[in-house]
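Enquirer: Structure provided below as structure tokens; questions to follow.
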Amino acid sequence: MTEKSAQLNLGGNTLDLPIYSGTIGPDVVDVGKLTGAGVFTYDPGFVSTAACESKITYIDGGKGVLLHRGYPIDQLADNSDYLEVCYLLLYGELPSATEKQQFENTINNHTMVHEQLRNFYQGFRRDAHPMAIMCGVVGALSAFYHDSLEISDERHREIAAFRLIAKMPTLAAMCYKYSLGQPFMYPRNDLSYSENFLQMMFGVPCEEYEVNPILAKAMDKIFILHADHEQNASTSTVRLAGSSGANPFACIAAGIAALWGPAHGGANEAVLDMLTEIGDVSNVDKFVAKAKDKNDPFRLMGFGHRVYKNYDPRAKVMRETCHEVLGELGIKDPLLELAMKLEDIARSDSYFIEKNLYPNVDFYSGIILKAIGIPTSMFTVIFALARTVGWVAHWHEMISGSYRIGRPRQLYTGSPQRDFVPLDKR
Ligand code: SDX
């Protein structure tokens, strides 16, 4: 980090605040001295706050750039596969052929879950939202893996990472099977990660499941596009939970809970619900007007982003994949036509242009997931499944380095100190 500084004049004193530069992207101002000067920074929503140093993912919101360990997301989506991207996010480099095969074998060896974990599902109603189930069963993993909870042990951290990446598809598919009243399918080691997920979702014990290569490739690409995204709300939640020394399974369960919100990972489900509610192109103007109305809480789901003030590069790949998959499957989904019309209208509207509101990763993903046969309620579960490697990579990066427990302060605007009033005096 270079020797630059910013001067802050505070109550007649000048504070020298160090400025650090990264490899690429904005410099940061180290405000650690402010507490000693009796003030805090104030940045609700952390719009201008860098909470950590990281080498995993870089986003340039102005240019619509997303790099994983330096590799552009569109190149990874076109040339790599999800487990290779997992390796890259975890270890920082693309694997050799031998390393890739070893990693795939390792993940395959961890795809089964403890038989008793299956009983957790019985406690839920069949119509429970699958994200509610995932919050519960992923947190419960810490009750089964006491041999990999010593977070100061590098090997424990690595095994926990393998288990989480490997078991999320199994747990996710079990949510879907449970909702149908169908038997859980066991993972198969002869299938790729994405093929295996599809067979656990749609296979039945009564017959051999034929994997559709088009769907498996689309599923794998969706996993890649959701793998990581810098310090988003759920990743920051995982880091904050991890900073207290909580075990990795509990931290990932916290990330799942944060992702569930419609402003975050829940948006893909909300986009499909919104498109279904709009129903027809003739209603688009009405909904765009609602989205612009300050008095109406309605927002155009799948549009806008805290960081991207340009097209989300993942949405671009997702849009192309949408056309590919629906074309190859011979599906003409009116929701895709509607989504494209909505995008055209919104992006020519001055409100969206001025506020730099573009389609984000969630805008098109639901249409592909629907074409694959995934029910809307499972969309955010797919997002959580894919994002687990990002969460784990950030958790591992933090715990492997020097870190302190995260403990933000506040601007207090409550009552000044006052004495207790006995009941008979109130
Ligand atoms: C994800 O952080 C990540 O990286 C997240 C993610 C990841 O991979 O982890 O990329 C995944 O969460 C994508 C975002 C999915 N959410 C949605 O699609 C929900 C709809 N989008 C919005 O709720 C909103 O755009 C957010 C939450 C995504 C961003 O919110 P910000 O950065 O706090 O922006 P804001 O709410 O301050 O909006 C700025 C202005 C506001 O108007 P003004 O108050 O300035 O007049 O833009 C307006 C907002 O009202 N606005 C929208 C809008 N999004 C923002 N107006 C209508 N429709 C929208 N979708």
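Please note that chains go A, B, ... in the order of the structure tokens, that every chain numbers its residues from 1, and that ligands are numbered from 1 in the order shown.
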With only C-alpha atoms and all ligand atoms counted, collect every polymer residue having an atom within 8 Å of ligand 1; state the result as a ChimeraX atom specification.

Expert: /A:45,47,226-235,259,262-268,271,291-292,294,298-307,352,355-357,359-363

Enquirer: Can you write out the residues you just picked, keeping N, CA and C atoms, as a compact mmCIF listing (two decimals), in the first residue's frame?

Expert:
# COMPACT_ATOMS: atom_id res chain seq x y z
N GLY A 45 -25.87 1.87 5.32
CA GLY A 45 -25.91 1.10 4.08
C GLY A 45 -24.53 0.89 3.49
N VAL A 47 -22.49 2.68 1.82
CA VAL A 47 -22.37 3.04 0.39
C VAL A 47 -20.93 3.39 0.04
N HIS A 226 -23.58 -16.79 -10.37
CA HIS A 226 -24.00 -16.40 -9.01
C HIS A 226 -22.93 -16.70 -7.97
N ALA A 227 -21.73 -17.14 -8.40
CA ALA A 227 -20.76 -17.70 -7.46
C ALA A 227 -20.25 -16.71 -6.42
N ASP A 228 -19.94 -15.50 -6.84
CA ASP A 228 -19.43 -14.51 -5.88
C ASP A 228 -19.66 -13.10 -6.39
N HIS A 229 -19.68 -12.15 -5.46
CA HIS A 229 -19.91 -10.77 -5.92
C HIS A 229 -19.41 -9.75 -4.92
N GLU A 230 -18.14 -9.89 -4.52
CA GLU A 230 -17.48 -8.89 -3.63
C GLU A 230 -18.19 -8.83 -2.28
N GLN A 231 -18.39 -7.65 -1.72
CA GLN A 231 -18.87 -7.54 -0.33
C GLN A 231 -20.37 -7.23 -0.28
N ASN A 232 -21.17 -8.00 -1.02
CA ASN A 232 -22.63 -7.79 -1.00
C ASN A 232 -23.20 -8.10 0.37
N ALA A 233 -24.51 -7.85 0.54
CA ALA A 233 -25.11 -7.95 1.87
C ALA A 233 -24.91 -9.31 2.52
N SER A 234 -25.12 -10.38 1.77
CA SER A 234 -25.01 -11.72 2.39
C SER A 234 -23.55 -12.08 2.66
N THR A 235 -22.65 -11.71 1.79
CA THR A 235 -21.22 -11.99 2.03
C THR A 235 -20.72 -11.18 3.22
N LEU A 259 -29.49 -13.41 2.29
CA LEU A 259 -29.75 -13.48 0.84
C LEU A 259 -31.24 -13.52 0.54
N PRO A 262 -36.00 -9.75 -0.64
CA PRO A 262 -36.29 -9.42 -2.04
C PRO A 262 -35.39 -8.32 -2.62
N ALA A 263 -34.72 -7.55 -1.76
CA ALA A 263 -33.81 -6.54 -2.29
C ALA A 263 -32.48 -7.19 -2.70
N HIS A 264 -32.29 -8.43 -2.31
CA HIS A 264 -31.02 -9.14 -2.56
C HIS A 264 -31.32 -10.41 -3.36
N GLY A 265 -31.02 -11.55 -2.83
CA GLY A 265 -31.17 -12.79 -3.60
C GLY A 265 -32.61 -13.19 -3.83
N GLY A 266 -33.52 -12.65 -3.03
CA GLY A 266 -34.94 -12.97 -3.22
C GLY A 266 -35.52 -12.30 -4.45
N ALA A 267 -34.72 -11.46 -5.12
CA ALA A 267 -35.24 -10.70 -6.26
C ALA A 267 -35.58 -11.61 -7.44
N ASN A 268 -34.84 -12.72 -7.61
CA ASN A 268 -35.13 -13.57 -8.78
C ASN A 268 -36.54 -14.16 -8.70
N VAL A 271 -38.91 -11.28 -9.38
CA VAL A 271 -39.00 -10.90 -10.80
C VAL A 271 -40.05 -11.76 -11.50
N ALA A 291 -43.38 1.96 -10.56
CA ALA A 291 -41.98 1.90 -10.09
C ALA A 291 -41.40 3.29 -9.91
N LYS A 292 -41.92 4.25 -10.70
CA LYS A 292 -41.38 5.62 -10.64
C LYS A 292 -42.07 6.46 -9.56
N LYS A 294 -42.97 7.79 -6.24
CA LYS A 294 -42.33 7.83 -4.92
C LYS A 294 -43.27 7.34 -3.83
N PHE A 298 -43.73 -0.09 -4.78
CA PHE A 298 -43.37 -1.03 -5.84
C PHE A 298 -42.07 -0.62 -6.53
N ARG A 299 -41.19 -1.58 -6.72
CA ARG A 299 -39.98 -1.36 -7.48
C ARG A 299 -39.92 -2.39 -8.60
N LEU A 300 -39.26 -2.01 -9.69
CA LEU A 300 -39.11 -2.94 -10.80
C LEU A 300 -38.07 -3.98 -10.38
N MET A 301 -38.54 -5.16 -9.98
CA MET A 301 -37.62 -6.17 -9.47
C MET A 301 -36.67 -6.63 -10.57
N GLY A 302 -35.42 -6.85 -10.23
CA GLY A 302 -34.43 -7.24 -11.23
C GLY A 302 -33.75 -6.04 -11.87
N PHE A 303 -34.16 -4.82 -11.40
CA PHE A 303 -33.52 -3.60 -11.93
C PHE A 303 -32.78 -2.88 -10.82
N GLY A 304 -31.70 -2.25 -11.17
CA GLY A 304 -30.95 -1.44 -10.21
C GLY A 304 -29.92 -2.25 -9.47
N HIS A 305 -28.93 -1.56 -8.96
CA HIS A 305 -27.87 -2.24 -8.22
C HIS A 305 -27.07 -1.19 -7.45
N ARG A 306 -26.64 -1.57 -6.25
CA ARG A 306 -25.86 -0.63 -5.44
C ARG A 306 -24.56 -0.25 -6.13
N VAL A 307 -23.96 -1.19 -6.83
CA VAL A 307 -22.64 -0.92 -7.41
C VAL A 307 -22.71 -0.67 -8.91
N PHE A 352 -35.25 5.88 -15.30
CA PHE A 352 -34.29 4.78 -15.16
C PHE A 352 -32.91 5.17 -15.68
N LYS A 355 -31.25 7.48 -13.11
CA LYS A 355 -30.85 6.79 -11.86
C LYS A 355 -29.95 5.58 -12.15
N ASN A 356 -29.54 5.47 -13.43
CA ASN A 356 -28.65 4.36 -13.83
C ASN A 356 -29.21 3.00 -13.40
N LEU A 357 -30.50 2.79 -13.71
CA LEU A 357 -31.12 1.52 -13.31
C LEU A 357 -31.13 0.58 -14.51
N PRO A 359 -30.96 -3.74 -15.87
CA PRO A 359 -31.26 -5.11 -15.39
C PRO A 359 -30.05 -5.67 -14.64
N ASN A 360 -30.32 -6.38 -13.53
CA ASN A 360 -29.22 -7.01 -12.79
C ASN A 360 -29.30 -8.53 -12.97
N VAL A 361 -28.48 -9.22 -12.24
CA VAL A 361 -28.33 -10.67 -12.41
C VAL A 361 -29.66 -11.40 -12.27
N ASP A 362 -30.58 -10.80 -11.51
CA ASP A 362 -31.84 -11.51 -11.22
C ASP A 362 -32.90 -11.34 -12.28
N PHE A 363 -32.67 -10.41 -13.24
CA PHE A 363 -33.77 -10.07 -14.13
C PHE A 363 -34.11 -11.21 -15.10

Enquirer: Please identify all polymer residues within 12 Å of A:Ile252, counting only C-alpha atoms, omitting same-chain residues fewer than 5 positions from it, and present them as a ChimeraX atom specification.

Expert: /A:134-142,160-161,163-165,168,234-242,246-247,257-259,384-385,387-396

Enquirer: Please list as a list in words every residue within 12 Å of A:Asn189, counting only C-alpha atoms and excluding residues in the same chain fewer than 2 positions away.

Expert: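 Selected residues are Glu104, Asn105, Thr106, Ile107, Asn108, Asn109, His110, Thr111, Met112, Ala166, Tyr186, Pro187, Leu191, Ser192, Tyr193, Ser194, Glu195, Asn196, Phe197, Gln199 and Met200 of chain A.
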
Enquirer: Have a look at A:Leu275, A:Val29, A:Ile59, A:Cys251 and name the one nearest to A:Gly366; count only C-alpha atoms.

Expert: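 Residue with the minimum atom-to-atom distance to A:Gly366: A:Leu275.
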
Enquirer: For atom CA of A:Glu210 and atom CA of A:Met185, quote the distance in Å rounded to one decimal.

Expert: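 Computed distance, atom CA of A:Glu210 to atom CA of A:Met185, equals 14.1 Å.
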
Enquirer: Extract, using only C-alpha atoms, all DNA, RNA and protein residues at most 10 Å from A:Leu67, discarding same-chain residues fewer than 3 positions from it, and format them as a list in words.

Expert: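 Here the qualifying residues turn out to be Ile56, Thr57, Tyr58, Ile59, Asp60, Gly70, Tyr71, Pro72, Ile73, Asp74, Gln75, Leu76, Asp228, His229 and Glu230 of chain A.
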
Enquirer: Would you pick out the contacts of stretch 121-128 of chain A at 8 Å or less, using only C-alpha atoms, so that residues sharing its chain but fewer than 6 positions from it are not included, and give the list as a list of chain:residue names?

Expert: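 The residues that qualify are A:Val137, A:Cys175, A:Tyr178, A:Ser179, A:Leu180, A:Gly181.
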
Enquirer: Which residues are close to A:Ser80, i.e. within 12 Å by only C-alpha atoms, leaving aside same-chain residues fewer than 4 positions away? Reply as a PDB file with N, CA and C atoms, in the first residue's frame.

Expert:
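around_31.pdb written:
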ATOM      1  N   TYR A  71     -10.132 -12.787 -13.579  1.00  0.00           N
ATOM      2  CA  TYR A  71     -10.716 -13.309 -14.833  1.00  0.00           C
ATOM      3  C   TYR A  71     -12.119 -12.730 -15.037  1.00  0.00           C
ATOM      4  N   PRO A  72     -12.419 -12.137 -16.214  1.00  0.00           N
ATOM      5  CA  PRO A  72     -13.744 -11.546 -16.471  1.00  0.00           C
ATOM      6  C   PRO A  72     -14.837 -12.613 -16.438  1.00  0.00           C
ATOM      7  N   ILE A  73     -15.985 -12.249 -15.888  1.00  0.00           N
ATOM      8  CA  ILE A  73     -17.081 -13.205 -15.675  1.00  0.00           C
ATOM      9  C   ILE A  73     -17.556 -13.795 -16.997  1.00  0.00           C
ATOM     10  N   ASP A  74     -17.571 -13.017 -18.080  1.00  0.00           N
ATOM     11  CA  ASP A  74     -18.073 -13.572 -19.350  1.00  0.00           C
ATOM     12  C   ASP A  74     -17.125 -14.637 -19.896  1.00  0.00           C
ATOM     13  N   GLN A  75     -15.807 -14.455 -19.677  1.00  0.00           N
ATOM     14  CA  GLN A  75     -14.845 -15.486 -20.124  1.00  0.00           C
ATOM     15  C   GLN A  75     -15.000 -16.763 -19.302  1.00  0.00           C
ATOM     16  N   LEU A  76     -15.238 -16.591 -17.994  1.00  0.00           N
ATOM     17  CA  LEU A  76     -15.437 -17.782 -17.148  1.00  0.00           C
ATOM     18  C   LEU A  76     -16.735 -18.492 -17.538  1.00  0.00           C
ATOM     19  N   GLU A  84     -14.651 -25.590 -11.429  1.00  0.00           N
ATOM     20  CA  GLU A  84     -13.369 -24.936 -11.732  1.00  0.00           C
ATOM     21  C   GLU A  84     -13.381 -23.506 -11.182  1.00  0.00           C
ATOM     22  N   VAL A  85     -14.521 -22.826 -11.296  1.00  0.00           N
ATOM     23  CA  VAL A  85     -14.634 -21.471 -10.729  1.00  0.00           C
ATOM     24  C   VAL A  85     -14.560 -21.537  -9.207  1.00  0.00           C
ATOM     25  N   CYS A  86     -15.130 -22.598  -8.611  1.00  0.00           N
ATOM     26  CA  CYS A  86     -15.005 -22.780  -7.155  1.00  0.00           C
ATOM     27  C   CYS A  86     -13.532 -22.881  -6.763  1.00  0.00           C
ATOM     28  N   TYR A  87     -12.788 -23.690  -7.502  1.00  0.00           N
ATOM     29  CA  TYR A  87     -11.350 -23.853  -7.224  1.00  0.00           C
ATOM     30  C   TYR A  87     -10.645 -22.497  -7.324  1.00  0.00           C
ATOM     31  N   LEU A  88     -10.973 -21.755  -8.402  1.00  0.00           N
ATOM     32  CA  LEU A  88     -10.347 -20.442  -8.629  1.00  0.00           C
ATOM     33  C   LEU A  88     -10.640 -19.499  -7.471  1.00  0.00           C
ATOM     34  N   LEU A  94      -6.453 -20.774 -11.565  1.00  0.00           N
ATOM     35  CA  LEU A  94      -7.151 -21.844 -12.284  1.00  0.00           C
ATOM     36  C   LEU A  94      -6.391 -23.145 -12.055  1.00  0.00           C
ATOM     37  N   PRO A  95      -7.096 -24.273 -11.878  1.00  0.00           N
ATOM     38  CA  PRO A  95      -6.401 -25.531 -11.582  1.00  0.00           C
ATOM     39  C   PRO A  95      -5.766 -26.138 -12.824  1.00  0.00           C
ATOM     40  N   LYS A 100      -7.680 -30.141 -11.041  1.00  0.00           N
ATOM     41  CA  LYS A 100      -9.126 -30.048 -11.286  1.00  0.00           C
ATOM     42  C   LYS A 100      -9.781 -31.400 -10.997  1.00  0.00           C
ATOM     43  N   LYS A 217     -25.873 -27.745 -18.811  1.00  0.00           N
ATOM     44  CA  LYS A 217     -24.938 -26.645 -19.155  1.00  0.00           C
ATOM     45  C   LYS A 217     -25.511 -25.309 -18.691  1.00  0.00           C
ATOM     46  N   ASP A 220     -25.177 -25.086 -14.938  1.00  0.00           N
ATOM     47  CA  ASP A 220     -23.789 -24.824 -14.547  1.00  0.00           C
ATOM     48  C   ASP A 220     -23.431 -23.363 -14.775  1.00  0.00           C
ATOM     49  N   LYS A 221     -23.937 -22.803 -15.883  1.00  0.00           N
ATOM     50  CA  LYS A 221     -23.643 -21.388 -16.164  1.00  0.00           C
ATOM     51  C   LYS A 221     -24.324 -20.490 -15.131  1.00  0.00           C
ATOM     52  N   PHE A 223     -24.927 -21.295 -12.071  1.00  0.00           N
ATOM     53  CA  PHE A 223     -24.116 -21.410 -10.843  1.00  0.00           C
ATOM     54  C   PHE A 223     -22.895 -20.493 -10.941  1.00  0.00           C
ATOM     55  N   ILE A 224     -22.226 -20.484 -12.109  1.00  0.00           N
ATOM     56  CA  ILE A 224     -21.029 -19.635 -12.273  1.00  0.00           C
ATOM     57  C   ILE A 224     -21.392 -18.159 -12.082  1.00  0.00           C
ATOM     58  N   LEU A 225     -22.515 -17.749 -12.698  1.00  0.00           N
ATOM     59  CA  LEU A 225     -22.887 -16.323 -12.669  1.00  0.00           C
ATOM     60  C   LEU A 225     -23.284 -15.842 -11.279  1.00  0.00           C
TER      61      LEU A 225
END

Enquirer: Restricting the calculation to only C-alpha atoms, which member of A:Met274, A:Ile368, A:Ile374, A:Leu17 is positioned closest to A:Val288?

Expert: A:Met274

Enquirer: I want to know what sits within 8 Å of A:Phe40, based on only C-alpha atoms, with residues of the same chain fewer than 4 positions away left out; could you give that as a ChimeraX atom specification?

Expert: /A:34-35,409-410

Enquirer: Could you pull out all residues of stretch 259-394 of chain A with a DSSP call of helix (DSSP H, G or I) and give them as a PyMOL selection string?

Expert: chain A and resi 259+267-278+281-292+313-329+334-347+350-354+361-372+376-394

Enquirer: Taking into account only C-alpha atoms, which residue in the set A:Gly36, A:Lys316, A:Tyr311, A:Glu397 is nearest to A:Lys55?

Expert: A:Glu397

Enquirer: Would you compute the distance between atom CA of A:Gly245 and atom CA of A:Gly32? Give it in Å to one decimal.

Expert: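 According to the coordinates, atom CA of A:Gly245 and atom CA of A:Gly32 are separated by 22.5 Å.
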
Enquirer: Nearest to A:Glu150 among A:Phe249, A:Tyr91, A:Phe184, A:Met340, with distances taken over only C-alpha atoms: which residue is it?

Expert: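 Looking at the shortest contact to A:Glu150, the residue is A:Phe249.
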
Enquirer: Pick the closest to A:Val31 from A:Asp16, A:Asp78, A:Glu3, A:Glu99: which is it, counting only C-alpha atoms?

Expert: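 Counting only C-alpha atoms, the residue closest to A:Val31 is A:Asp16.
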
Enquirer: For A:Ser400, which of A:Ser48, A:Ser21, A:Ser152, A:Gln116 is the closest residue, counting only C-alpha atoms?

Expert: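 Under the stated criterion, the closest residue is A:Ser152.
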
Enquirer: What gap, in Å, lies between atom CA of A:Lys290 and atom CA of A:Glu337?

Expert: 20.6 Å
